[in-house]
>>> print(open('protein25.pdb').read())   # PDB, C-alpha atoms
ATOM      1  CA  MET A   1     -34.039  62.584-118.077  1.00  0.00           C
ATOM      2  CA  SER A   2     -35.139  61.353-114.668  1.00  0.00           C
ATOM      3  CA  ASN A   3     -34.346  63.781-111.924  1.00  0.00           C
ATOM      4  CA  SER A   4     -31.996  62.572-109.228  1.00  0.00           C
ATOM      5  CA  PRO A   5     -33.061  63.408-105.664  1.00  0.00           C
ATOM      6  CA  PHE A   6     -29.594  64.941-105.341  1.00  0.00           C
ATOM      7  CA  LEU A   7     -29.997  67.271-108.323  1.00  0.00           C
ATOM      8  CA  THR A   8     -29.256  70.880-107.417  1.00  0.00           C
ATOM      9  CA  PRO A   9     -32.527  72.851-107.462  1.00  0.00           C
ATOM     10  CA  PHE A  10     -32.477  75.304-110.352  1.00  0.00           C
ATOM     11  CA  SER A  11     -33.062  78.222-107.977  1.00  0.00           C
ATOM     12  CA  ASN A  12     -30.028  77.169-105.909  1.00  0.00           C
ATOM     13  CA  LEU A  13     -27.465  77.176-108.715  1.00  0.00           C
ATOM     14  CA  PRO A  14     -24.470  79.310-107.714  1.00  0.00           C
ATOM     15  CA  SER A  15     -23.900  82.847-108.964  1.00  0.00           C
ATOM     16  CA  THR A  16     -20.165  82.196-109.356  1.00  0.00           C
ATOM     17  CA  LEU A  17     -18.743  79.009-110.811  1.00  0.00           C
ATOM     18  CA  PRO A  18     -15.256  77.528-111.184  1.00  0.00           C
ATOM     19  CA  VAL A  19     -14.676  76.347-114.738  1.00  0.00           C
ATOM     20  CA  PHE A  20     -12.447  73.671-116.220  1.00  0.00           C
ATOM     21  CA  PRO A  21     -11.612  74.423-119.898  1.00  0.00           C
ATOM     22  CA  LEU A  22     -10.837  71.217-121.768  1.00  0.00           C
ATOM     23  CA  ALA A  23     -11.208  70.661-125.517  1.00  0.00           C
ATOM     24  CA  GLY A  24     -13.258  67.640-126.533  1.00  0.00           C
ATOM     25  CA  ALA A  25     -14.566  66.999-123.008  1.00  0.00           C
ATOM     26  CA  VAL A  26     -18.235  67.981-123.178  1.00  0.00           C
ATOM     27  CA  LEU A  27     -20.598  67.335-120.287  1.00  0.00           C
ATOM     28  CA  PHE A  28     -24.336  66.987-120.937  1.00  0.00           C
ATOM     29  CA  PRO A  29     -27.190  67.283-118.447  1.00  0.00           C
ATOM     30  CA  GLY A  30     -28.012  63.829-117.119  1.00  0.00           C
ATOM     31  CA  LEU A  31     -24.730  62.238-118.246  1.00  0.00           C
ATOM     32  CA  GLN A  32     -21.460  61.607-116.430  1.00  0.00           C
ATOM     33  CA  LEU A  33     -17.873  62.576-117.208  1.00  0.00           C
ATOM     34  CA  PRO A  34     -14.839  60.891-115.566  1.00  0.00           C
ATOM     35  CA  LEU A  35     -11.751  63.034-114.999  1.00  0.00           C
ATOM     36  CA  ASN A  36      -8.291  62.429-113.572  1.00  0.00           C
ATOM     37  CA  ILE A  37      -7.224  65.582-111.745  1.00  0.00           C
ATOM     38  CA  PHE A  38      -3.574  66.156-110.903  1.00  0.00           C
ATOM     39  CA  GLU A  39      -2.633  69.729-111.847  1.00  0.00           C
ATOM     40  CA  PRO A  40      -2.337  71.730-108.591  1.00  0.00           C
ATOM     41  CA  ARG A  41      -4.826  74.409-109.679  1.00  0.00           C
ATOM     42  CA  TYR A  42      -7.488  71.820-110.502  1.00  0.00           C
ATOM     43  CA  VAL A  43      -6.771  69.847-107.346  1.00  0.00           C
ATOM     44  CA  SER A  44      -7.472  73.144-105.550  1.00  0.00           C
ATOM     45  CA  MET A  45     -10.658  73.581-107.578  1.00  0.00           C
ATOM     46  CA  VAL A  46     -11.929  70.152-106.537  1.00  0.00           C
ATOM     47  CA  ILE A  47     -11.055  70.733-102.885  1.00  0.00           C
ATOM     48  CA  ASP A  48     -12.811  74.113-102.921  1.00  0.00           C
ATOM     49  CA  ALA A  49     -15.873  72.611-104.627  1.00  0.00           C
ATOM     50  CA  LEU A  50     -16.057  69.846-102.030  1.00  0.00           C
ATOM     51  CA  GLY A  51     -16.080  72.490 -99.310  1.00  0.00           C
ATOM     52  CA  ALA A  52     -18.963  74.316-100.988  1.00  0.00           C
ATOM     53  CA  ASP A  53     -21.629  72.855-103.295  1.00  0.00           C
ATOM     54  CA  ARG A  54     -19.556  70.224-105.185  1.00  0.00           C
ATOM     55  CA  LEU A  55     -20.263  72.047-108.456  1.00  0.00           C
ATOM     56  CA  MET A  56     -17.889  72.995-111.276  1.00  0.00           C
ATOM     57  CA  GLY A  57     -18.401  73.954-114.899  1.00  0.00           C
ATOM     58  CA  MET A  58     -17.012  72.189-117.945  1.00  0.00           C
ATOM     59  CA  VAL A  59     -16.304  74.474-120.915  1.00  0.00           C
ATOM     60  CA  GLN A  60     -14.324  74.159-124.126  1.00  0.00           C
ATOM     61  CA  PRO A  61     -11.554  76.552-125.175  1.00  0.00           C
ATOM     62  CA  ARG A  62     -11.953  78.187-128.572  1.00  0.00           C
ATOM     63  CA  GLY A  63      -9.777  76.736-131.317  1.00  0.00           C
ATOM     64  CA  THR A  64      -7.291  75.128-128.932  1.00  0.00           C
ATOM     65  CA  PRO A  65      -6.392  71.423-129.080  1.00  0.00           C
ATOM     66  CA  GLY A  66      -5.674  71.173-125.353  1.00  0.00           C
ATOM     67  CA  GLU A  67      -6.710  72.678-122.068  1.00  0.00           C
ATOM     68  CA  ALA A  68      -6.891  76.447-121.950  1.00  0.00           C
ATOM     69  CA  ALA A  69      -4.455  78.714-120.204  1.00  0.00           C
ATOM     70  CA  SER A  70      -5.856  81.768-118.458  1.00  0.00           C
ATOM     71  CA  PRO A  71      -5.788  84.205-121.420  1.00  0.00           C
ATOM     72  CA  THR A  72      -7.419  81.751-123.837  1.00  0.00           C
ATOM     73  CA  ALA A  73     -11.008  82.457-124.849  1.00  0.00           C
ATOM     74  CA  ILE A  74     -13.629  79.907-123.934  1.00  0.00           C
ATOM     75  CA  HIS A  75     -16.898  79.026-125.641  1.00  0.00           C
ATOM     76  CA  ASN A  76     -20.083  80.717-124.496  1.00  0.00           C
ATOM     77  CA  VAL A  77     -21.973  77.606-123.357  1.00  0.00           C
ATOM     78  CA  GLY A  78     -20.896  74.915-120.914  1.00  0.00           C
ATOM     79  CA  CYS A  79     -22.485  72.580-118.370  1.00  0.00           C
ATOM     80  CA  VAL A  80     -22.483  72.442-114.589  1.00  0.00           C
ATOM     81  CA  GLY A  81     -21.252  69.163-113.146  1.00  0.00           C
ATOM     82  CA  ARG A  82     -21.729  67.907-109.608  1.00  0.00           C
ATOM     83  CA  ILE A  83     -18.925  65.808-108.114  1.00  0.00           C
ATOM     84  CA  THR A  84     -20.660  62.508-107.396  1.00  0.00           C
ATOM     85  CA  THR A  85     -17.616  60.230-107.137  1.00  0.00           C
ATOM     86  CA  LEU A  86     -14.195  61.071-105.759  1.00  0.00           C
ATOM     87  CA  GLN A  87     -11.178  58.911-105.129  1.00  0.00           C
ATOM     88  CA  GLU A  88      -7.698  60.006-104.090  1.00  0.00           C
ATOM     89  CA  THR A  89      -5.080  58.719-106.513  1.00  0.00           C
ATOM     90  CA  GLY A  90      -2.241  58.454-104.013  1.00  0.00           C
ATOM     91  CA  THR A  91      -0.116  60.871-106.036  1.00  0.00           C
ATOM     92  CA  GLY A  92      -1.692  64.063-104.775  1.00  0.00           C
ATOM     93  CA  GLY A  93      -4.577  64.070-107.233  1.00  0.00           C
ATOM     94  CA  PHE A  94      -8.126  62.807-107.618  1.00  0.00           C
ATOM     95  CA  PHE A  95     -10.230  60.644-109.849  1.00  0.00           C
ATOM     96  CA  ILE A  96     -13.676  62.206-110.035  1.00  0.00           C
ATOM     97  CA  ILE A  97     -16.940  61.679-111.853  1.00  0.00           C
ATOM     98  CA  LEU A  98     -19.037  64.719-112.701  1.00  0.00           C
ATOM     99  CA  SER A  99     -22.784  64.312-113.137  1.00  0.00           C
ATOM    100  CA  GLY A 100     -24.170  66.884-115.560  1.00  0.00           C
ATOM    101  CA  GLU A 101     -26.972  69.103-114.292  1.00  0.00           C
ATOM    102  CA  TYR A 102     -27.741  72.307-116.236  1.00  0.00           C
ATOM    103  CA  ARG A 103     -26.073  74.174-119.043  1.00  0.00           C
ATOM    104  CA  PHE A 104     -25.019  77.775-118.575  1.00  0.00           C
ATOM    105  CA  ARG A 105     -23.977  80.725-120.672  1.00  0.00           C
ATOM    106  CA  VAL A 106     -20.601  82.208-119.784  1.00  0.00           C
ATOM    107  CA  GLY A 107     -20.873  85.704-118.329  1.00  0.00           C
ATOM    108  CA  GLU A 108     -18.246  87.867-116.693  1.00  0.00           C
ATOM    109  CA  GLU A 109     -14.920  86.195-115.995  1.00  0.00           C
ATOM    110  CA  LEU A 110     -13.681  86.776-112.457  1.00  0.00           C
ATOM    111  CA  SER A 111     -10.208  86.850-110.980  1.00  0.00           C
ATOM    112  CA  LEU A 112      -8.328  83.578-110.631  1.00  0.00           C
ATOM    113  CA  ARG A 113      -8.644  81.683-107.369  1.00  0.00           C
ATOM    114  CA  ASN A 114      -5.775  79.340-106.496  1.00  0.00           C
ATOM    115  CA  GLY A 115      -4.858  79.389-110.188  1.00  0.00           C
ATOM    116  CA  TYR A 116      -8.200  78.260-111.613  1.00  0.00           C
ATOM    117  CA  ARG A 117     -10.737  80.273-113.575  1.00  0.00           C
ATOM    118  CA  ARG A 118     -14.138  81.448-112.374  1.00  0.00           C
ATOM    119  CA  ILE A 119     -17.119  82.998-114.110  1.00  0.00           C
ATOM    120  CA  ARG A 120     -20.561  84.433-113.464  1.00  0.00           C
ATOM    121  CA  PRO A 121     -22.818  81.903-115.209  1.00  0.00           C
ATOM    122  CA  ASP A 122     -26.224  82.690-116.693  1.00  0.00           C
ATOM    123  CA  TYR A 123     -28.617  79.728-116.450  1.00  0.00           C
ATOM    124  CA  ALA A 124     -31.776  81.562-117.560  1.00  0.00           C
ATOM    125  CA  GLU A 125     -32.151  79.796-120.922  1.00  0.00           C
ATOM    126  CA  PHE A 126     -31.616  76.300-119.588  1.00  0.00           C
ATOM    127  CA  GLY A 127     -34.201  75.666-116.873  1.00  0.00           C
ATOM    128  CA  ALA A 128     -35.753  72.867-118.961  1.00  0.00           C
ATOM    129  CA  ASP A 129     -32.501  70.893-119.236  1.00  0.00           C
ATOM    130  CA  THR A 130     -33.782  68.210-116.849  1.00  0.00           C
ATOM    131  CA  ALA A 131     -37.066  67.668-118.720  1.00  0.00           C
ATOM    132  CA  VAL A 132     -37.680  64.344-120.456  1.00  0.00           C
ATOM    133  CA  VAL A 133     -37.714  64.754-124.246  1.00  0.00           C
ATOM    134  CA  ASP A 134     -39.259  62.110-126.472  1.00  0.00           C
ATOM    135  CA  ILE A 135     -37.276  61.053-129.543  1.00  0.00           C
ATOM    136  CA  PRO A 136     -38.960  58.458-131.799  1.00  0.00           C
ATOM    137  CA  ARG A 137     -37.084  55.183-132.145  1.00  0.00           C
ATOM    138  CA  SER A 138     -37.508  55.470-135.913  1.00  0.00           C
ATOM    139  CA  VAL A 139     -35.166  58.487-135.879  1.00  0.00           C
ATOM    140  CA  LEU A 140     -32.498  56.488-134.076  1.00  0.00           C
ATOM    141  CA  GLU A 141     -32.853  53.589-136.477  1.00  0.00           C
ATOM    142  CA  GLU A 142     -32.311  56.031-139.340  1.00  0.00           C
ATOM    143  CA  LEU A 143     -29.095  57.209-137.670  1.00  0.00           C
ATOM    144  CA  ARG A 144     -27.768  53.742-136.920  1.00  0.00           C
ATOM    145  CA  PRO A 145     -26.139  52.942-140.321  1.00  0.00           C
ATOM    146  CA  MET A 146     -24.329  56.305-140.284  1.00  0.00           C
ATOM    147  CA  LEU A 147     -23.202  55.739-136.706  1.00  0.00           C
ATOM    148  CA  GLU A 148     -21.936  52.264-137.569  1.00  0.00           C
ATOM    149  CA  GLN A 149     -19.831  53.722-140.399  1.00  0.00           C
ATOM    150  CA  PHE A 150     -18.477  56.449-138.106  1.00  0.00           C
ATOM    151  CA  ALA A 151     -17.689  53.903-135.391  1.00  0.00           C
ATOM    152  CA  SER A 152     -15.871  51.716-137.908  1.00  0.00           C
ATOM    153  CA  ARG A 153     -13.756  54.657-139.154  1.00  0.00           C
ATOM    154  CA  SER A 154     -13.015  55.582-135.536  1.00  0.00           C
ATOM    155  CA  GLY A 155     -12.036  52.075-134.483  1.00  0.00           C
ATOM    156  CA  LEU A 156     -14.788  52.078-131.854  1.00  0.00           C
ATOM    157  CA  GLN A 157     -16.230  48.907-130.399  1.00  0.00           C
ATOM    158  CA  VAL A 158     -19.936  49.612-129.877  1.00  0.00           C
ATOM    159  CA  SER A 159     -22.455  47.290-128.240  1.00  0.00           C
ATOM    160  CA  TRP A 160     -25.470  47.738-130.473  1.00  0.00           C
ATOM    161  CA  ASP A 161     -27.458  45.498-128.114  1.00  0.00           C
ATOM    162  CA  ASP A 162     -27.279  48.381-125.636  1.00  0.00           C
ATOM    163  CA  TRP A 163     -28.768  50.584-128.364  1.00  0.00           C
ATOM    164  CA  GLU A 164     -31.976  48.546-128.217  1.00  0.00           C
ATOM    165  CA  ARG A 165     -32.360  49.034-124.458  1.00  0.00           C
ATOM    166  CA  ALA A 166     -31.278  52.667-124.052  1.00  0.00           C
ATOM    167  CA  GLU A 167     -33.601  55.602-123.455  1.00  0.00           C
ATOM    168  CA  THR A 168     -33.640  57.460-126.771  1.00  0.00           C
ATOM    169  CA  MET A 169     -32.762  60.952-125.542  1.00  0.00           C
ATOM    170  CA  ARG A 170     -29.980  59.630-123.330  1.00  0.00           C
ATOM    171  CA  LEU A 171     -28.612  57.572-126.211  1.00  0.00           C
ATOM    172  CA  VAL A 172     -28.405  60.587-128.535  1.00  0.00           C
ATOM    173  CA  ASP A 173     -26.709  62.667-125.832  1.00  0.00           C
ATOM    174  CA  THR A 174     -24.275  59.837-125.052  1.00  0.00           C
ATOM    175  CA  ILE A 175     -23.299  59.562-128.728  1.00  0.00           C
ATOM    176  CA  CYS A 176     -22.815  63.334-128.971  1.00  0.00           C
ATOM    177  CA  ALA A 177     -20.694  63.349-125.815  1.00  0.00           C
ATOM    178  CA  GLN A 178     -18.639  60.179-126.178  1.00  0.00           C
ATOM    179  CA  PHE A 179     -18.114  59.574-129.884  1.00  0.00           C
ATOM    180  CA  PRO A 180     -14.819  61.167-131.005  1.00  0.00           C
ATOM    181  CA  PHE A 181     -16.170  64.124-132.963  1.00  0.00           C
ATOM    182  CA  GLU A 182     -13.986  67.199-133.362  1.00  0.00           C
ATOM    183  CA  ALA A 183     -14.245  69.715-130.532  1.00  0.00           C
ATOM    184  CA  GLU A 184     -16.170  72.293-132.567  1.00  0.00           C
ATOM    185  CA  VAL A 185     -18.774  69.686-133.524  1.00  0.00           C
ATOM    186  CA  LYS A 186     -19.170  68.726-129.874  1.00  0.00           C
ATOM    187  CA  GLN A 187     -19.641  72.384-129.012  1.00  0.00           C
ATOM    188  CA  ALA A 188     -22.466  72.631-131.533  1.00  0.00           C
ATOM    189  CA  PHE A 189     -24.106  69.629-129.856  1.00  0.00           C
ATOM    190  CA  ILE A 190     -23.949  71.119-126.351  1.00  0.00           C
ATOM    191  CA  GLU A 191     -25.337  74.445-127.577  1.00  0.00           C
ATOM    192  CA  ALA A 192     -28.319  72.717-129.214  1.00  0.00           C
ATOM    193  CA  ASP A 193     -31.386  71.878-127.146  1.00  0.00           C
ATOM    194  CA  ALA A 194     -32.010  68.221-126.341  1.00  0.00           C
ATOM    195  CA  GLY A 195     -34.391  66.368-128.610  1.00  0.00           C
ATOM    196  CA  ASP A 196     -35.075  67.286-132.229  1.00  0.00           C
ATOM    197  CA  GLN A 197     -32.485  70.067-132.456  1.00  0.00           C
ATOM    198  CA  ARG A 198     -29.572  68.026-131.125  1.00  0.00           C
ATOM    199  CA  THR A 199     -30.645  64.928-133.048  1.00  0.00           C
ATOM    200  CA  SER A 200     -30.846  66.919-136.305  1.00  0.00           C
ATOM    201  CA  LEU A 201     -27.339  68.300-135.718  1.00  0.00           C
ATOM    202  CA  LEU A 202     -26.014  64.803-135.086  1.00  0.00           C
ATOM    203  CA  LYS A 203     -27.607  63.565-138.299  1.00  0.00           C
ATOM    204  CA  ALA A 204     -26.203  66.520-140.266  1.00  0.00           C
ATOM    205  CA  ALA A 205     -22.712  65.961-138.866  1.00  0.00           C
ATOM    206  CA  LEU A 206     -22.818  62.312-139.881  1.00  0.00           C
ATOM    207  CA  GLN A 207     -24.257  63.075-143.341  1.00  0.00           C
ATOM    208  CA  MET A 208     -21.509  65.638-143.964  1.00  0.00           C
ATOM    209  CA  GLY A 209     -18.929  62.986-143.170  1.00  0.00           C
ATOM    210  CA  ALA A 210     -17.772  64.413-139.860  1.00  0.00           C
ATOM    211  CA  SER A 211     -14.250  63.206-139.250  1.00  0.00           C
ATOM    212  CA  PRO A 212     -13.388  61.297-136.104  1.00  0.00           C
ATOM    213  CA  LEU A 213     -11.050  63.140-133.765  1.00  0.00           C
ATOM    214  CA  THR A 214      -7.540  62.184-134.835  1.00  0.00           C
ATOM    215  CA  THR A 215      -5.505  64.018-132.213  1.00  0.00           C
ATOM    216  CA  SER A 216      -5.374  62.465-128.774  1.00  0.00           C
ATOM    217  CA  ARG A 217      -7.347  64.294-126.133  1.00  0.00           C
ATOM    218  CA  GLY A 218      -7.049  63.209-122.581  1.00  0.00           C
ATOM    219  CA  GLN A 219      -9.339  63.921-119.702  1.00  0.00           C
ATOM    220  CA  THR A 220      -6.434  64.085-117.288  1.00  0.00           C
ATOM    221  CA  HIS A 221      -5.400  67.389-115.777  1.00  0.00           C
TER     222      HIS A 221
END
>>> encode(input="protein25.pdb", output="structure tokens")
Amino acid sequence: MSNSPFLTPFSNLPSTLPVFPLAGAVLFPGLQLPLNIFEPRYVSMVIDALGADRLMGMVQPRGTPGEAASPTAIHNVGCVGRITTLQETGTGGFFIILSGEYRFRVGEELSLRNGYRRIRPDYAEFGADTAVVDIPRSVLEELRPMLEQFASRSGLQVSWDDWERAETMRLVDTICAQFPFEAEVKQAFIEADAGDQRTSLLKAALQMGASPLTTSRGQTH
């Protein structure tokens, strides 16, 4: 991916991180995730992040169809997002866009702050998350028929013209993040390294007939 001049330097990533557990909402380095925030604890999280480094972590709960309550276990790997767009909704909440920066491994969970969860993240494995990874176009063309079938089963309207113009690594990550795969499949994608490993997992999921997500999952909390 191309580094933004606003990207948080790897050495400046925070030692404590607020986390937002939400099934099916997976943030990837270099991609964006829109969220409607209205629950008081997450409104507090956003306000606190704005007063600090504008960073928060997206994680998925384990085996839970919705957003995790405090006792619920969370997956070991998530992604730091930087708040790059914020708009007040007029009802006491926010619309935000998170820009993905680096993945992290979940370490110690800390005490709640204003109702939201915090962890000590470990970024050590993921310093290369901003590197550009080359994926041959031939690999994407091999995936296209399977993706078309999945999109048809999912009722998705996909602009395949955009496929021809997209950067290959970004396209694979966008498919992994935005296509309605089940939460556990999405977790496998985020835990895989960008490039061959993630692309191979995507291909395997499609070959095994991965089912589109059938339960509604909102990104509003």
>>> atom_distance(input="protein25.pdb", atom1="CA of Lys203 (chain A)", atom2="CA of Arg105 (chain A)")
24.9 Å
>>> closest_residue(input="protein25.pdb", among="A:Glu108, A:Arg120, A:Phe38, A:Val26", to="Gly81 (chain A)", atoms="only C-alpha atoms")
A:Val26
>>> closest_atom_pairs(input="protein25.pdb", of="region 124-209 of chain A", to="region 43-59 of chain A", cutoff="12 Å", atoms="only C-alpha atoms", output="Markdown table")
| residue | atom | partner | partner_atom | distance |
| --- | --- | --- | --- | --- |
| A:Ala183 | CA | A:Val59 | CA | 10.9 |
| A:Glu184 | CA | A:Val59 | CA | 11.9 |
| A:Lys186 | CA | A:Val59 | CA | 11.0 |
| A:Gln187 | CA | A:Val59 | CA | 9.0 |
| A:Ile190 | CA | A:Val59 | CA | 10.0 |
| A:Glu191 | CA | A:Val59 | CA | 11.2 |
>>> closest_residue(input="protein25.pdb", among="A:Val80, A:Val133, A:Leu31, A:Ala151", to="Ile119 (chain A)", atoms="only C-alpha atoms")
A:Val80
>>> residues_around(input="protein25.pdb", residues="Pro136 (chain A)", least_positions_apart="5", cutoff="12 Å", atoms="all atoms listed in the file", output="PDB file with C-alpha atoms, keeping the file's coordinate frame")
ATOM      1  CA  GLU A 141     -32.853  53.589-136.477  1.00  0.00           C
ATOM      2  CA  GLU A 142     -32.311  56.031-139.340  1.00  0.00           C
ATOM      3  CA  LEU A 143     -29.095  57.209-137.670  1.00  0.00           C
ATOM      4  CA  GLU A 167     -33.601  55.602-123.455  1.00  0.00           C
ATOM      5  CA  THR A 168     -33.640  57.460-126.771  1.00  0.00           C
ATOM      6  CA  MET A 169     -32.762  60.952-125.542  1.00  0.00           C
ATOM      7  CA  LEU A 171     -28.612  57.572-126.211  1.00  0.00           C
ATOM      8  CA  VAL A 172     -28.405  60.587-128.535  1.00  0.00           C
ATOM      9  CA  GLY A 195     -34.391  66.368-128.610  1.00  0.00           C
ATOM     10  CA  ASP A 196     -35.075  67.286-132.229  1.00  0.00           C
ATOM     11  CA  THR A 199     -30.645  64.928-133.048  1.00  0.00           C
TER      12      THR A 199
END
>>> atom_distance(input="protein25.pdb", atom1="CA of Leu22 (chain A)", atom2="CA of Phe150 (chain A)")
23.3 Å
>>> residues_near_point(input="protein25.pdb", point="(-18.6, 65.4, -129.0)", cutoff="12 Å", atoms="only C-alpha atoms", output="VMD selection string")
chain A and resid 23 to 28 60 172 to 191 198 201 to 202 205 210 to 213 217
>>> atom_distance(input="protein25.pdb", atom1="CA of Pro34 (chain A)", atom2="CA of Ser99 (chain A)")
9.0 Å
>>> resolve_selection(input="protein25.pdb", expression="the PyMOL selection byres ((chain A and resi 107) around 12)", output="number ranges by chain")
A: 15-17, 19, 74-78, 104-106, 108-110, 118-124
>>> write_last_selection(input="protein25.pdb", atoms="C-alpha atoms", output="tab-separated table (two decimals), keeping the file's coordinate frame")
chain	number	residue	atom	x	y	z
A	15	SER	CA	-23.90	82.85	-108.96
A	16	THR	CA	-20.16	82.20	-109.36
A	17	LEU	CA	-18.74	79.01	-110.81
A	19	VAL	CA	-14.68	76.35	-114.74
A	74	ILE	CA	-13.63	79.91	-123.93
A	75	HIS	CA	-16.90	79.03	-125.64
A	76	ASN	CA	-20.08	80.72	-124.50
A	77	VAL	CA	-21.97	77.61	-123.36
A	78	GLY	CA	-20.90	74.92	-120.91
A	104	PHE	CA	-25.02	77.78	-118.58
A	105	ARG	CA	-23.98	80.72	-120.67
A	106	VAL	CA	-20.60	82.21	-119.78
A	108	GLU	CA	-18.25	87.87	-116.69
A	109	GLU	CA	-14.92	86.20	-116.00
A	110	LEU	CA	-13.68	86.78	-112.46
A	118	ARG	CA	-14.14	81.45	-112.37
A	119	ILE	CA	-17.12	83.00	-114.11
A	120	ARG	CA	-20.56	84.43	-113.46
A	121	PRO	CA	-22.82	81.90	-115.21
A	122	ASP	CA	-26.22	82.69	-116.69
A	123	TYR	CA	-28.62	79.73	-116.45
A	124	ALA	CA	-31.78	81.56	-117.56
>>> closest_residue(input="protein25.pdb", among="A:Thr85, A:Thr91, A:Ala128, A:Arg144", to="Leu35 (chain A)", atoms="only C-alpha atoms")
A:Thr85
>>> closest_residue(input="protein25.pdb", among="A:Glu101, A:Leu206, A:Pro61, A:Leu112", to="Gln149 (chain A)", atoms="all atoms listed in the file")
A:Leu206
>>> residues_around(input="protein25.pdb", residues="Tyr42 (chain A)", least_positions_apart="4", cutoff="9 Å", atoms="only C-alpha atoms", output="list in words")
Phe20, Ile37, Phe38, Val46, Ile47, Gly93, Asn114, Gly115, Tyr116 and His221 of chain A
